[in-house]
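Shown next, in structure tokens, is the structure this report addresses.
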Amino acid sequence: MFIPLAAPLMLTAAPSSGPPPLPKNIKIKTISQWQYYFNYNYGVFRAPANQGAEVEQLDIDIAYIEPQAPGAAKEPLFLPKVTVLKIRGGDMIDDDDERMDYLAEVLAAVKPSEFHWLSDEAGGGYSPTAHLVHPTVIEAGERWSEKGMLGQLVLRGGFPSSTCPDTTLMNPNKPLEFAFRKWSIEEICWDLDNFTPTAAVTIVQHYLQAVNTEYWKGACKRVPTRALIFSSMPKEALERIRNLPTKIGLAEPAVEWLQDVLFVGDGQSVSRIWGEHPSVDERLYARLRAELLVLQNRRIMPMAMLWA
């Protein structure tokens, strides 16, 4: 008797009932976006959704952080893979403790290898020559540093200070504390776009004065960073920056460190501004390490001299 073969069994996956995965890069640039991701009751970065599991880059404009209802219960944020954290607009609302309290939860939930502190570009691109940084941000970086060196600190805008009265912000001769001085950082990349030559020199001078005080006249014994890049540097400021170490009386070890790690650039290439070629092996190693960091993080070739 002929027995027909059974039709092959076709296995199909059951349709997924869960939400679609989020992109790996998330930007918060509206209040509704902040609420969607971070709201205490329904934010998708919290349990039970936990949709932040695959997010790698988080870009937050502080102006759109929305306060929550007092006393609202909340699940912890789940952002285990965030490696790049960008914070925008902090220079304009440094005294807004309520917003900073909500930002503190985000900072505690991540451990980035790359942190961007970006000036507010509203109002025609204006950025102050110096500004205060809220302790919430400073303390977060100090906690990250306890767990390992931050690979890259990207700054756009004026000098970030931890404490200074408003009347001293524009005074290049008034020493200010660098807000991130206690952070352990491999590379600092500082974008000076939209600044006049005088403002750019003032910012660099503030930084070098802070470095001189904190690292070579103070108790700190490690170098501030292994590579320092000032990008979008006005060409008219270059000679004045070359003369800054002498003008402000930079300690000799600080001068050598600066010669080894400092680069300036125009966005396409970077260059050293001093032509010294040290014979000390330790300094040669520091110079090579700085150049490798530039290549690794910016993917551009350091040139011998950019504006010779």
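So you can find residues: chains in the structure tokens are A, B, ... in the order shown, residues in each start at 1, and ligands are numbered from 1 in order.
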
With a distance cut-off of 9 Å and only C-alpha atoms, select the neighbouring residues of Ile87 of chain A, excluding the residue or stretch itself and same-chain residues fewer than 2 positions from it, and output the selection as a PyMOL selection string.
-> chain A and resi 58-62+85+89-90+115-119

Can you list, as a PDB file with C-alpha atoms, in the first residue's frame, every protein, DNA or RNA residue that comes within 10 Å of Val110 of chain A when you count only C-alpha atoms, leaving out same-chain residues fewer than 3 positions away?
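Result written to result_38.pdb:
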ATOM      1  CA  LEU A  58      24.467  59.572  24.556  1.00  0.00           C
ATOM      2  CA  LEU A  77      18.816  53.579  34.671  1.00  0.00           C
ATOM      3  CA  PHE A  78      20.329  50.785  32.584  1.00  0.00           C
ATOM      4  CA  LEU A  79      23.028  52.094  30.218  1.00  0.00           C
ATOM      5  CA  PRO A  80      25.870  49.561  30.473  1.00  0.00           C
ATOM      6  CA  LYS A  81      27.509  50.167  27.074  1.00  0.00           C
ATOM      7  CA  VAL A  82      27.659  53.958  26.857  1.00  0.00           C
ATOM      8  CA  THR A  83      31.248  54.865  25.971  1.00  0.00           C
ATOM      9  CA  VAL A  84      30.715  58.381  24.579  1.00  0.00           C
ATOM     10  CA  LEU A  85      28.824  60.972  26.620  1.00  0.00           C
ATOM     11  CA  GLU A 105      21.661  60.162  37.910  1.00  0.00           C
ATOM     12  CA  VAL A 106      22.707  59.833  34.267  1.00  0.00           C
ATOM     13  CA  LEU A 107      26.363  60.502  35.087  1.00  0.00           C
ATOM     14  CA  SER A 113      35.808  56.523  27.798  1.00  0.00           C
ATOM     15  CA  ALA A 140      31.336  62.453  38.157  1.00  0.00           C
ATOM     16  CA  TRP A 144      35.299  57.797  36.536  1.00  0.00           C
TER      17      TRP A 144
END

Would you return as a ChimeraX atom specification the members of segment 46-197 of chain A that DSSP assigns to alpha helix (DSSP H) on this structure's backbone?
-> /A:97-109,135-146,197

Report the distance between atom CA of Leu150 of chain A and atom CA of Asp191 of chain A in Å, rounded to one decimal place.
->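 Interatomic distance, atom CA of Leu150 of chain A to atom CA of Asp191 of chain A: 18.2 Å.
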
DSSP-assigned strand (DSSP E or B) members of segment 80-288 of chain A, reported as a PyMOL selection string | chain A and resi 84-88+114-118+130-132+150-156+159-161+178+185-191+225-231+262-265+270-271

Residues from last step as file, C-alpha atoms, as a PDB file, in the first residue's frame:
ATOM      1  CA  VAL A  84      30.715  58.381  24.579  1.00  0.00           C
ATOM      2  CA  LEU A  85      28.824  60.972  26.620  1.00  0.00           C
ATOM      3  CA  LYS A  86      28.185  64.463  25.244  1.00  0.00           C
ATOM      4  CA  ILE A  87      26.792  67.236  27.433  1.00  0.00           C
ATOM      5  CA  ARG A  88      25.676  70.464  25.763  1.00  0.00           C
ATOM      6  CA  GLU A 114      35.104  59.781  25.958  1.00  0.00           C
ATOM      7  CA  PHE A 115      33.415  62.843  27.471  1.00  0.00           C
ATOM      8  CA  HIS A 116      32.367  65.984  25.579  1.00  0.00           C
ATOM      9  CA  TRP A 117      31.663  69.265  27.394  1.00  0.00           C
ATOM     10  CA  LEU A 118      30.196  71.525  24.721  1.00  0.00           C
ATOM     11  CA  ALA A 130      35.341  81.228  30.820  1.00  0.00           C
ATOM     12  CA  HIS A 131      32.448  79.687  32.701  1.00  0.00           C
ATOM     13  CA  LEU A 132      31.640  77.763  35.851  1.00  0.00           C
ATOM     14  CA  LEU A 150      39.381  58.740  30.611  1.00  0.00           C
ATOM     15  CA  GLY A 151      40.502  58.299  27.020  1.00  0.00           C
ATOM     16  CA  GLN A 152      39.423  61.671  25.678  1.00  0.00           C
ATOM     17  CA  LEU A 153      38.030  64.933  27.028  1.00  0.00           C
ATOM     18  CA  VAL A 154      36.554  67.049  24.244  1.00  0.00           C
ATOM     19  CA  LEU A 155      35.895  70.702  25.053  1.00  0.00           C
ATOM     20  CA  ARG A 156      34.173  73.308  22.919  1.00  0.00           C
ATOM     21  CA  PHE A 159      37.739  77.878  30.013  1.00  0.00           C
ATOM     22  CA  PRO A 160      35.763  75.585  32.365  1.00  0.00           C
ATOM     23  CA  SER A 161      36.396  76.670  35.951  1.00  0.00           C
ATOM     24  CA  PHE A 178      40.561  74.154  35.794  1.00  0.00           C
ATOM     25  CA  ILE A 185      42.805  62.025  30.995  1.00  0.00           C
ATOM     26  CA  GLU A 186      44.800  60.669  28.068  1.00  0.00           C
ATOM     27  CA  GLU A 187      43.900  63.382  25.566  1.00  0.00           C
ATOM     28  CA  ILE A 188      42.268  66.803  25.735  1.00  0.00           C
ATOM     29  CA  CYS A 189      40.908  68.165  22.472  1.00  0.00           C
ATOM     30  CA  TRP A 190      39.746  71.771  22.756  1.00  0.00           C
ATOM     31  CA  ASP A 191      37.766  73.409  19.947  1.00  0.00           C
ATOM     32  CA  THR A 225      47.242  64.897  29.897  1.00  0.00           C
ATOM     33  CA  ARG A 226      49.306  62.865  27.440  1.00  0.00           C
ATOM     34  CA  ALA A 227      48.131  64.857  24.407  1.00  0.00           C
ATOM     35  CA  LEU A 228      46.694  68.378  24.191  1.00  0.00           C
ATOM     36  CA  ILE A 229      45.093  69.688  21.004  1.00  0.00           C
ATOM     37  CA  PHE A 230      43.707  73.168  20.404  1.00  0.00           C
ATOM     38  CA  SER A 231      41.702  72.927  17.197  1.00  0.00           C
ATOM     39  CA  LEU A 262      50.777  70.293  22.507  1.00  0.00           C
ATOM     40  CA  PHE A 263      49.335  70.433  18.994  1.00  0.00           C
ATOM     41  CA  VAL A 264      47.337  73.131  17.238  1.00  0.00           C
ATOM     42  CA  GLY A 265      45.246  72.596  14.162  1.00  0.00           C
ATOM     43  CA  VAL A 270      47.656  69.412  13.428  1.00  0.00           C
ATOM     44  CA  SER A 271      51.135  70.612  14.231  1.00  0.00           C
TER      45      SER A 271
END

Compile the contact shell of Arg283 of chain A as an mmCIF file with N, CA, C and O atoms, in the first residue's frame: residues with an atom at most 10 Å away, counting only C-alpha atoms, same-chain residues fewer than 5 positions apart removed.
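See selection-v6.cif below for the written result:
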data_model
loop_
_atom_site.group_PDB
_atom_site.id
_atom_site.type_symbol
_atom_site.label_atom_id
_atom_site.label_comp_id
_atom_site.auth_asym_id
_atom_site.auth_seq_id
_atom_site.Cartn_x
_atom_site.Cartn_y
_atom_site.Cartn_z
ATOM 1 N N GLU A 256 58.586 71.774 29.208
ATOM 2 C CA GLU A 256 58.975 70.568 28.477
ATOM 3 C C GLU A 256 57.765 69.694 28.172
ATOM 4 O O GLU A 256 57.633 69.159 27.063
ATOM 5 N N TRP A 257 56.894 69.551 29.161
ATOM 6 C CA TRP A 257 55.667 68.772 28.936
ATOM 7 C C TRP A 257 54.852 69.380 27.802
ATOM 8 O O TRP A 257 54.372 68.667 26.910
ATOM 9 N N GLN A 259 55.821 71.319 25.324
ATOM 10 C CA GLN A 259 56.490 71.129 24.036
ATOM 11 C C GLN A 259 56.284 69.713 23.499
ATOM 12 O O GLN A 259 56.215 69.506 22.284
ATOM 13 N N ASP A 260 56.149 68.761 24.398
ATOM 14 C CA ASP A 260 56.032 67.362 23.980
ATOM 15 C C ASP A 260 54.613 66.967 23.590
ATOM 16 O O ASP A 260 54.425 66.088 22.747
ATOM 17 N N VAL A 261 53.599 67.598 24.193
ATOM 18 C CA VAL A 261 52.228 67.087 24.006
ATOM 19 C C VAL A 261 51.306 68.040 23.259
ATOM 20 O O VAL A 261 50.221 67.635 22.840
ATOM 21 N N HIS A 277 63.904 69.281 19.491
ATOM 22 C CA HIS A 277 64.033 67.831 19.346
ATOM 23 C C HIS A 277 64.833 67.311 20.535
ATOM 24 O O HIS A 277 66.060 67.232 20.495
ATOM 25 N N PRO A 278 64.150 66.967 21.623
ATOM 26 C CA PRO A 278 64.859 66.571 22.846
ATOM 27 C C PRO A 278 65.623 65.272 22.653
ATOM 28 O O PRO A 278 65.221 64.388 21.898
ATOM 29 N N LEU A 288 56.238 60.716 21.144
ATOM 30 C CA LEU A 288 55.719 59.667 20.274
ATOM 31 C C LEU A 288 54.334 59.217 20.735
ATOM 32 O O LEU A 288 53.424 59.031 19.920
ATOM 33 N N ARG A 289 54.168 59.075 22.040
ATOM 34 C CA ARG A 289 52.867 58.667 22.575
ATOM 35 C C ARG A 289 51.794 59.700 22.235
ATOM 36 O O ARG A 289 50.668 59.345 21.857
#

Just the residues within 9 Å of Leu208 of chain A, please, counting only C-alpha atoms, with nothing from its chain fewer than 5 positions along; format it as a ChimeraX atom specification.
-> /A:203,213,244-245,248,250,254

Take the selection from the previous step and output its residues with all heavy atoms, as a short mmCIF file (atom, residue, chain, number, x, y, z; two decimals), in the first residue's frame.
data_model
loop_
_atom_site.label_atom_id
_atom_site.label_comp_id
_atom_site.auth_asym_id
_atom_site.auth_seq_id
_atom_site.Cartn_x
_atom_site.Cartn_y
_atom_site.Cartn_z
N ILE A 203 41.99 81.97 26.77
CA ILE A 203 41.59 80.62 27.20
C ILE A 203 42.82 79.75 27.42
O ILE A 203 42.94 79.06 28.44
CB ILE A 203 40.65 80.00 26.15
CG1 ILE A 203 39.32 80.76 26.14
CG2 ILE A 203 40.43 78.52 26.42
CD1 ILE A 203 38.43 80.41 24.96
N THR A 213 50.00 75.90 38.32
CA THR A 213 49.70 75.94 39.76
C THR A 213 49.39 74.56 40.31
O THR A 213 49.89 74.17 41.37
CB THR A 213 48.52 76.88 40.02
OG1 THR A 213 48.85 78.19 39.56
CG2 THR A 213 48.18 76.93 41.50
N LEU A 244 53.60 82.38 25.50
CA LEU A 244 52.92 82.30 26.79
C LEU A 244 53.76 81.66 27.90
O LEU A 244 53.74 82.14 29.04
CB LEU A 244 51.60 81.54 26.65
CG LEU A 244 50.39 82.35 26.17
CD1 LEU A 244 49.17 81.45 26.05
CD2 LEU A 244 50.10 83.50 27.12
N PRO A 245 54.48 80.56 27.64
CA PRO A 245 55.26 79.97 28.74
C PRO A 245 56.21 80.96 29.41
O PRO A 245 56.34 80.97 30.64
CB PRO A 245 56.03 78.84 28.04
CG PRO A 245 55.15 78.45 26.90
CD PRO A 245 54.56 79.74 26.41
N ILE A 248 54.02 83.90 31.37
CA ILE A 248 53.39 83.57 32.65
C ILE A 248 54.34 82.85 33.60
O ILE A 248 53.94 82.46 34.70
CB ILE A 248 52.13 82.70 32.43
CG1 ILE A 248 52.48 81.34 31.82
CG2 ILE A 248 51.13 83.44 31.57
CD1 ILE A 248 51.27 80.44 31.62
N LEU A 250 56.04 79.87 33.25
CA LEU A 250 55.76 78.44 33.37
C LEU A 250 57.01 77.70 33.86
O LEU A 250 58.12 77.96 33.38
CB LEU A 250 55.33 77.89 32.00
CG LEU A 250 54.40 76.68 31.96
CD1 LEU A 250 53.09 76.97 32.67
CD2 LEU A 250 54.14 76.26 30.52
N ALA A 254 57.03 72.03 33.21
CA ALA A 254 55.77 72.29 32.51
C ALA A 254 56.03 72.70 31.06
O ALA A 254 55.29 72.32 30.15
CB ALA A 254 54.98 73.37 33.23
#

Within 12 Å of Trp34 of chain A, counting only C-alpha atoms, which residues qualify if same-chain residues fewer than 3 places away don't, as a PyMOL selection string?
-> chain A and resi 26-31+37-40+42-45+58-68+99+102-103+106

Can you write out the residues you just picked, keeping C-alpha atoms, as a PDB file, in the first residue's frame?
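Just written: result.pdb:
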ATOM      1  CA  ILE A  26      20.781  58.755  21.208  1.00  0.00           C
ATOM      2  CA  LYS A  27      20.357  62.548  21.185  1.00  0.00           C
ATOM      3  CA  ILE A  28      18.261  64.455  23.703  1.00  0.00           C
ATOM      4  CA  LYS A  29      17.290  67.779  22.131  1.00  0.00           C
ATOM      5  CA  THR A  30      13.648  68.158  23.197  1.00  0.00           C
ATOM      6  CA  ILE A  31      11.776  67.825  26.489  1.00  0.00           C
ATOM      7  CA  TYR A  37      14.039  57.974  27.760  1.00  0.00           C
ATOM      8  CA  PHE A  38      14.359  59.070  31.396  1.00  0.00           C
ATOM      9  CA  ASN A  39      10.893  59.616  32.890  1.00  0.00           C
ATOM     10  CA  TYR A  40      10.581  57.959  36.315  1.00  0.00           C
ATOM     11  CA  TYR A  42       7.750  55.155  31.759  1.00  0.00           C
ATOM     12  CA  GLY A  43      11.303  56.025  30.635  1.00  0.00           C
ATOM     13  CA  VAL A  44      12.576  53.293  28.324  1.00  0.00           C
ATOM     14  CA  PHE A  45      16.060  53.427  29.862  1.00  0.00           C
ATOM     15  CA  LEU A  58      24.467  59.572  24.556  1.00  0.00           C
ATOM     16  CA  ASP A  59      24.168  63.251  23.608  1.00  0.00           C
ATOM     17  CA  ILE A  60      22.222  65.426  26.080  1.00  0.00           C
ATOM     18  CA  ASP A  61      21.358  69.112  25.883  1.00  0.00           C
ATOM     19  CA  ILE A  62      20.918  70.133  29.516  1.00  0.00           C
ATOM     20  CA  ALA A  63      18.346  72.767  28.570  1.00  0.00           C
ATOM     21  CA  TYR A  64      15.833  69.975  27.903  1.00  0.00           C
ATOM     22  CA  ILE A  65      16.199  68.076  31.153  1.00  0.00           C
ATOM     23  CA  GLU A  66      12.690  68.136  32.618  1.00  0.00           C
ATOM     24  CA  PRO A  67      12.063  67.927  36.387  1.00  0.00           C
ATOM     25  CA  GLN A  68      10.088  64.915  37.623  1.00  0.00           C
ATOM     26  CA  ARG A  99      18.485  70.081  36.447  1.00  0.00           C
ATOM     27  CA  TYR A 102      18.619  64.788  37.352  1.00  0.00           C
ATOM     28  CA  LEU A 103      21.791  64.860  35.275  1.00  0.00           C
ATOM     29  CA  VAL A 106      22.707  59.833  34.267  1.00  0.00           C
TER      30      VAL A 106
END

Which residues are near Ala179 of chain A? Cut-off 12 Å, only C-alpha atoms, ignore same chain within fewer than 3 positions. Put them as a tab-separated table (two decimals) with all heavy atoms, in the first residue's frame.
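New file out-v5.tsv:
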chain	number	residue	atom	x	y	z
A	91	ASP	N	27.45	75.39	30.19
A	91	ASP	CA	28.06	76.68	30.51
A	91	ASP	C	27.02	77.77	30.74
A	91	ASP	O	27.32	78.81	31.31
A	91	ASP	CB	29.00	77.10	29.38
A	91	ASP	CG	28.31	77.12	28.03
A	91	ASP	OD1	27.53	76.19	27.76
A	91	ASP	OD2	28.53	78.06	27.25
A	117	TRP	N	32.28	68.14	26.68
A	117	TRP	CA	31.66	69.26	27.39
A	117	TRP	C	31.58	70.41	26.39
A	117	TRP	O	32.57	71.05	26.07
A	117	TRP	CB	32.51	69.63	28.61
A	117	TRP	CG	31.95	70.74	29.44
A	117	TRP	CD1	32.42	72.02	29.53
A	117	TRP	CD2	30.82	70.69	30.31
A	117	TRP	NE1	31.66	72.76	30.40
A	117	TRP	CE2	30.66	71.96	30.90
A	117	TRP	CE3	29.91	69.68	30.64
A	117	TRP	CZ2	29.64	72.25	31.81
A	117	TRP	CZ3	28.89	69.97	31.55
A	117	TRP	CH2	28.77	71.24	32.12
A	130	ALA	N	35.24	82.16	29.70
A	130	ALA	CA	35.34	81.23	30.82
A	130	ALA	C	33.96	81.06	31.43
A	130	ALA	O	33.10	81.92	31.29
A	130	ALA	CB	36.32	81.75	31.87
A	131	HIS	N	33.74	79.93	32.08
A	131	HIS	CA	32.45	79.69	32.70
A	131	HIS	C	32.61	78.70	33.84
A	131	HIS	O	33.60	77.96	33.92
A	131	HIS	CB	31.44	79.15	31.68
A	131	HIS	CG	31.83	77.84	31.09
A	131	HIS	ND1	32.55	77.73	29.93
A	131	HIS	CD2	31.62	76.56	31.51
A	131	HIS	CE1	32.76	76.46	29.65
A	131	HIS	NE2	32.20	75.73	30.59
A	132	LEU	N	31.64	78.69	34.73
A	132	LEU	CA	31.64	77.76	35.85
A	132	LEU	C	31.10	76.40	35.43
A	132	LEU	O	30.20	76.32	34.60
A	132	LEU	CB	30.78	78.32	36.99
A	132	LEU	CG	31.31	79.56	37.70
A	132	LEU	CD1	30.25	80.12	38.64
A	132	LEU	CD2	32.58	79.25	38.47
A	133	VAL	N	31.65	75.35	36.02
A	133	VAL	CA	31.14	73.99	35.81
A	133	VAL	C	30.55	73.52	37.13
A	133	VAL	O	31.17	73.64	38.19
A	133	VAL	CB	32.26	73.04	35.36
A	133	VAL	CG1	31.72	71.62	35.19
A	133	VAL	CG2	32.88	73.54	34.05
A	134	HIS	N	29.36	72.97	37.06
A	134	HIS	CA	28.66	72.54	38.27
A	134	HIS	C	29.42	71.38	38.94
A	134	HIS	O	29.95	70.50	38.26
A	134	HIS	CB	27.24	72.10	37.92
A	134	HIS	CG	26.33	72.03	39.09
A	134	HIS	ND1	26.28	70.94	39.93
A	134	HIS	CD2	25.43	72.93	39.58
A	134	HIS	CE1	25.39	71.16	40.88
A	134	HIS	NE2	24.85	72.35	40.70
A	135	PRO	N	29.46	71.36	40.28
A	135	PRO	CA	30.16	70.27	40.99
A	135	PRO	C	29.67	68.88	40.62
A	135	PRO	O	30.44	67.91	40.68
A	135	PRO	CB	29.87	70.58	42.46
A	135	PRO	CG	29.62	72.05	42.51
A	135	PRO	CD	28.96	72.40	41.21
A	136	THR	N	28.42	68.75	40.22
A	136	THR	CA	27.89	67.44	39.82
A	136	THR	C	28.71	66.83	38.69
A	136	THR	O	29.03	65.63	38.71
A	136	THR	CB	26.42	67.58	39.37
A	136	THR	OG1	25.62	67.95	40.50
A	136	THR	CG2	25.89	66.28	38.79
A	137	VAL	N	29.06	67.64	37.71
A	137	VAL	CA	29.84	67.15	36.57
A	137	VAL	C	31.28	66.87	36.99
A	137	VAL	O	31.86	65.84	36.62
A	137	VAL	CB	29.79	68.18	35.42
A	137	VAL	CG1	30.65	67.72	34.25
A	137	VAL	CG2	28.36	68.43	34.98
A	138	ILE	N	31.85	67.76	37.76
A	138	ILE	CA	33.24	67.59	38.20
A	138	ILE	C	33.40	66.30	39.00
A	138	ILE	O	34.32	65.51	38.78
A	138	ILE	CB	33.67	68.81	39.04
A	138	ILE	CG1	33.63	70.09	38.19
A	138	ILE	CG2	35.07	68.60	39.61
A	138	ILE	CD1	33.84	71.36	38.98
A	139	GLU	N	32.49	66.07	39.93
A	139	GLU	CA	32.58	64.89	40.79
A	139	GLU	C	32.37	63.60	40.01
A	139	GLU	O	32.99	62.57	40.33
A	139	GLU	CB	31.55	65.01	41.92
A	139	GLU	CG	31.89	66.13	42.91
A	139	GLU	CD	30.71	66.51	43.79
A	139	GLU	OE1	29.66	65.82	43.70
A	139	GLU	OE2	30.82	67.49	44.55
A	140	ALA	N	31.54	63.65	38.98
A	140	ALA	CA	31.34	62.45	38.16
A	140	ALA	C	32.64	62.04	37.48
A	140	ALA	O	33.01	60.86	37.47
A	140	ALA	CB	30.26	62.71	37.11
A	141	GLY	N	33.36	63.02	36.92
A	141	GLY	CA	34.63	62.71	36.28
A	141	GLY	C	35.66	62.18	37.25
A	141	GLY	O	36.49	61.33	36.90
A	142	GLU	N	35.64	62.68	38.47
A	142	GLU	CA	36.57	62.18	39.48
A	142	GLU	C	36.27	60.72	39.82
A	142	GLU	O	37.18	59.92	40.02
A	142	GLU	CB	36.51	63.06	40.72
A	142	GLU	CG	37.06	64.47	40.48
A	142	GLU	CD	36.85	65.40	41.66
A	142	GLU	OE1	36.34	64.94	42.71
A	142	GLU	OE2	37.20	66.60	41.55
A	155	LEU	N	36.46	69.44	24.59
A	155	LEU	CA	35.90	70.70	25.05
A	155	LEU	C	35.59	71.58	23.85
A	155	LEU	O	36.37	71.64	22.90
A	155	LEU	CB	36.87	71.43	25.98
A	155	LEU	CG	37.36	70.66	27.21
A	155	LEU	CD1	38.42	71.46	27.94
A	155	LEU	CD2	36.20	70.33	28.13
A	158	GLY	N	34.73	78.14	26.14
A	158	GLY	CA	35.67	78.83	27.01
A	158	GLY	C	36.25	77.95	28.09
A	158	GLY	O	36.01	76.74	28.16
A	159	PHE	N	37.03	78.58	28.95
A	159	PHE	CA	37.74	77.88	30.01
A	159	PHE	C	36.75	77.41	31.07
A	159	PHE	O	36.04	78.22	31.68
A	159	PHE	CB	38.77	78.82	30.64
A	159	PHE	CG	39.56	78.20	31.75
A	159	PHE	CD1	40.68	77.43	31.49
A	159	PHE	CD2	39.17	78.38	33.07
A	159	PHE	CE1	41.40	76.86	32.52
A	159	PHE	CE2	39.89	77.82	34.11
A	159	PHE	CZ	41.01	77.05	33.83
A	160	PRO	N	36.68	76.10	31.34
A	160	PRO	CA	35.76	75.58	32.37
A	160	PRO	C	36.41	75.66	33.75
A	160	PRO	O	37.42	75.02	34.01
A	160	PRO	CB	35.53	74.13	31.93
A	160	PRO	CG	36.77	73.77	31.18
A	160	PRO	CD	37.35	75.03	30.60
A	161	SER	N	35.82	76.45	34.63
A	161	SER	CA	36.40	76.67	35.95
A	161	SER	C	35.48	76.10	37.02
A	161	SER	O	34.26	76.06	36.86
A	161	SER	CB	36.60	78.17	36.19
A	161	SER	OG	37.13	78.41	37.47
A	162	SER	N	36.08	75.66	38.12
A	162	SER	CA	35.29	75.12	39.22
A	162	SER	C	34.82	76.21	40.18
A	162	SER	O	33.73	76.13	40.73
A	162	SER	CB	36.09	74.07	39.99
A	162	SER	OG	37.34	74.60	40.40
A	163	THR	N	35.63	77.22	40.38
A	163	THR	CA	35.25	78.33	41.26
A	163	THR	C	35.87	79.62	40.75
A	163	THR	O	37.08	79.70	40.56
A	163	THR	CB	35.76	78.11	42.70
A	163	THR	OG1	37.16	77.90	42.68
A	163	THR	CG2	35.07	76.91	43.34
A	164	CYS	N	35.05	80.60	40.51
A	164	CYS	CA	35.56	81.92	40.16
A	164	CYS	C	34.42	82.92	40.16
A	164	CYS	O	33.33	82.62	39.67
A	164	CYS	CB	36.26	81.92	38.80
A	164	CYS	SG	35.20	81.47	37.43
A	176	LEU	N	42.53	80.94	37.45
A	176	LEU	CA	41.30	80.20	37.66
A	176	LEU	C	41.62	78.72	37.83
A	176	LEU	O	42.61	78.24	37.29
A	176	LEU	CB	40.36	80.37	36.46
A	176	LEU	CG	39.98	81.79	36.05
A	176	LEU	CD1	39.11	81.76	34.81
A	176	LEU	CD2	39.30	82.52	37.18
A	182	LYS	N	41.34	67.29	38.34
A	182	LYS	CA	41.55	66.04	39.06
A	182	LYS	C	41.17	64.82	38.23
A	182	LYS	O	41.26	63.70	38.72
A	182	LYS	CB	40.77	66.05	40.38
A	182	LYS	CG	41.28	67.09	41.37
A	182	LYS	CD	40.52	67.01	42.69
A	182	LYS	CE	41.04	68.04	43.68
A	182	LYS	NZ	40.31	68.00	44.97
A	183	TRP	N	40.75	65.05	37.01
A	183	TRP	CA	40.41	63.93	36.15
A	183	TRP	C	41.68	63.32	35.57
A	183	TRP	O	42.64	64.04	35.25
A	183	TRP	CB	39.51	64.38	35.01
A	183	TRP	CG	38.15	64.85	35.42
A	183	TRP	CD1	37.76	65.29	36.65
A	183	TRP	CD2	37.00	64.95	34.58
A	183	TRP	NE1	36.44	65.65	36.63
A	183	TRP	CE2	35.94	65.45	35.37
A	183	TRP	CE3	36.76	64.66	33.24
A	183	TRP	CZ2	34.67	65.68	34.86
A	183	TRP	CZ3	35.50	64.88	32.72
A	183	TRP	CH2	34.46	65.38	33.53
A	206	HIS	N	44.64	80.85	30.59
A	206	HIS	CA	43.97	80.35	31.79
A	206	HIS	C	44.35	78.89	32.05
A	206	HIS	O	44.65	78.50	33.18
A	206	HIS	CB	42.45	80.44	31.63
A	206	HIS	CG	41.87	81.79	31.95
A	206	HIS	ND1	42.27	82.53	33.04
A	206	HIS	CD2	40.90	82.51	31.33
A	206	HIS	CE1	41.57	83.66	33.08
A	206	HIS	NE2	40.74	83.67	32.05
A	207	TYR	N	44.34	78.09	30.99
A	207	TYR	CA	44.65	76.67	31.16
A	207	TYR	C	46.09	76.46	31.62
A	207	TYR	O	46.35	75.69	32.56
A	207	TYR	CB	44.40	75.91	29.86
A	207	TYR	CG	44.78	74.45	29.96
A	207	TYR	CD1	44.00	73.56	30.70
A	207	TYR	CD2	45.93	73.96	29.35
A	207	TYR	CE1	44.36	72.23	30.83
A	207	TYR	CE2	46.29	72.63	29.47
A	207	TYR	CZ	45.50	71.77	30.20
A	207	TYR	OH	45.87	70.45	30.33
A	210	ALA	N	46.59	77.42	35.22
A	210	ALA	CA	46.01	76.41	36.10
A	210	ALA	C	46.92	75.19	36.18
A	210	ALA	O	47.14	74.63	37.26
A	210	ALA	CB	44.62	76.02	35.61
A	211	VAL	N	47.44	74.77	35.04
A	211	VAL	CA	48.35	73.62	34.99
A	211	VAL	C	49.60	73.90	35.81
A	211	VAL	O	50.07	73.06	36.58
A	211	VAL	CB	48.71	73.31	33.52
A	211	VAL	CG1	49.98	72.47	33.44
A	211	VAL	CG2	47.56	72.60	32.84
A	214	GLU	N	48.57	73.82	39.60
A	214	GLU	CA	48.07	72.55	40.13
A	214	GLU	C	49.11	71.43	40.05
A	214	GLU	O	49.23	70.63	40.97
A	214	GLU	CB	46.82	72.14	39.35
A	214	GLU	CG	46.22	70.80	39.77
A	214	GLU	CD	45.58	70.85	41.15
A	214	GLU	OE1	45.26	71.95	41.61
A	214	GLU	OE2	45.40	69.78	41.75

Quick one: pull the distance between atom CA of Asn297 of chain A and atom CA of Gln57 of chain A, Å, one decimal.
->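 Pair atom CA of Asn297 of chain A / atom CA of Gln57 of chain A returns 15.8 Å.
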
Using only C-alpha atoms, which of A:Lys235, A:Lys111, A:Arg143, A:Arg222 sits nearest Asp193 of chain A?
->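 Answer, going by the shortest atom-to-atom distance: A:Lys235.
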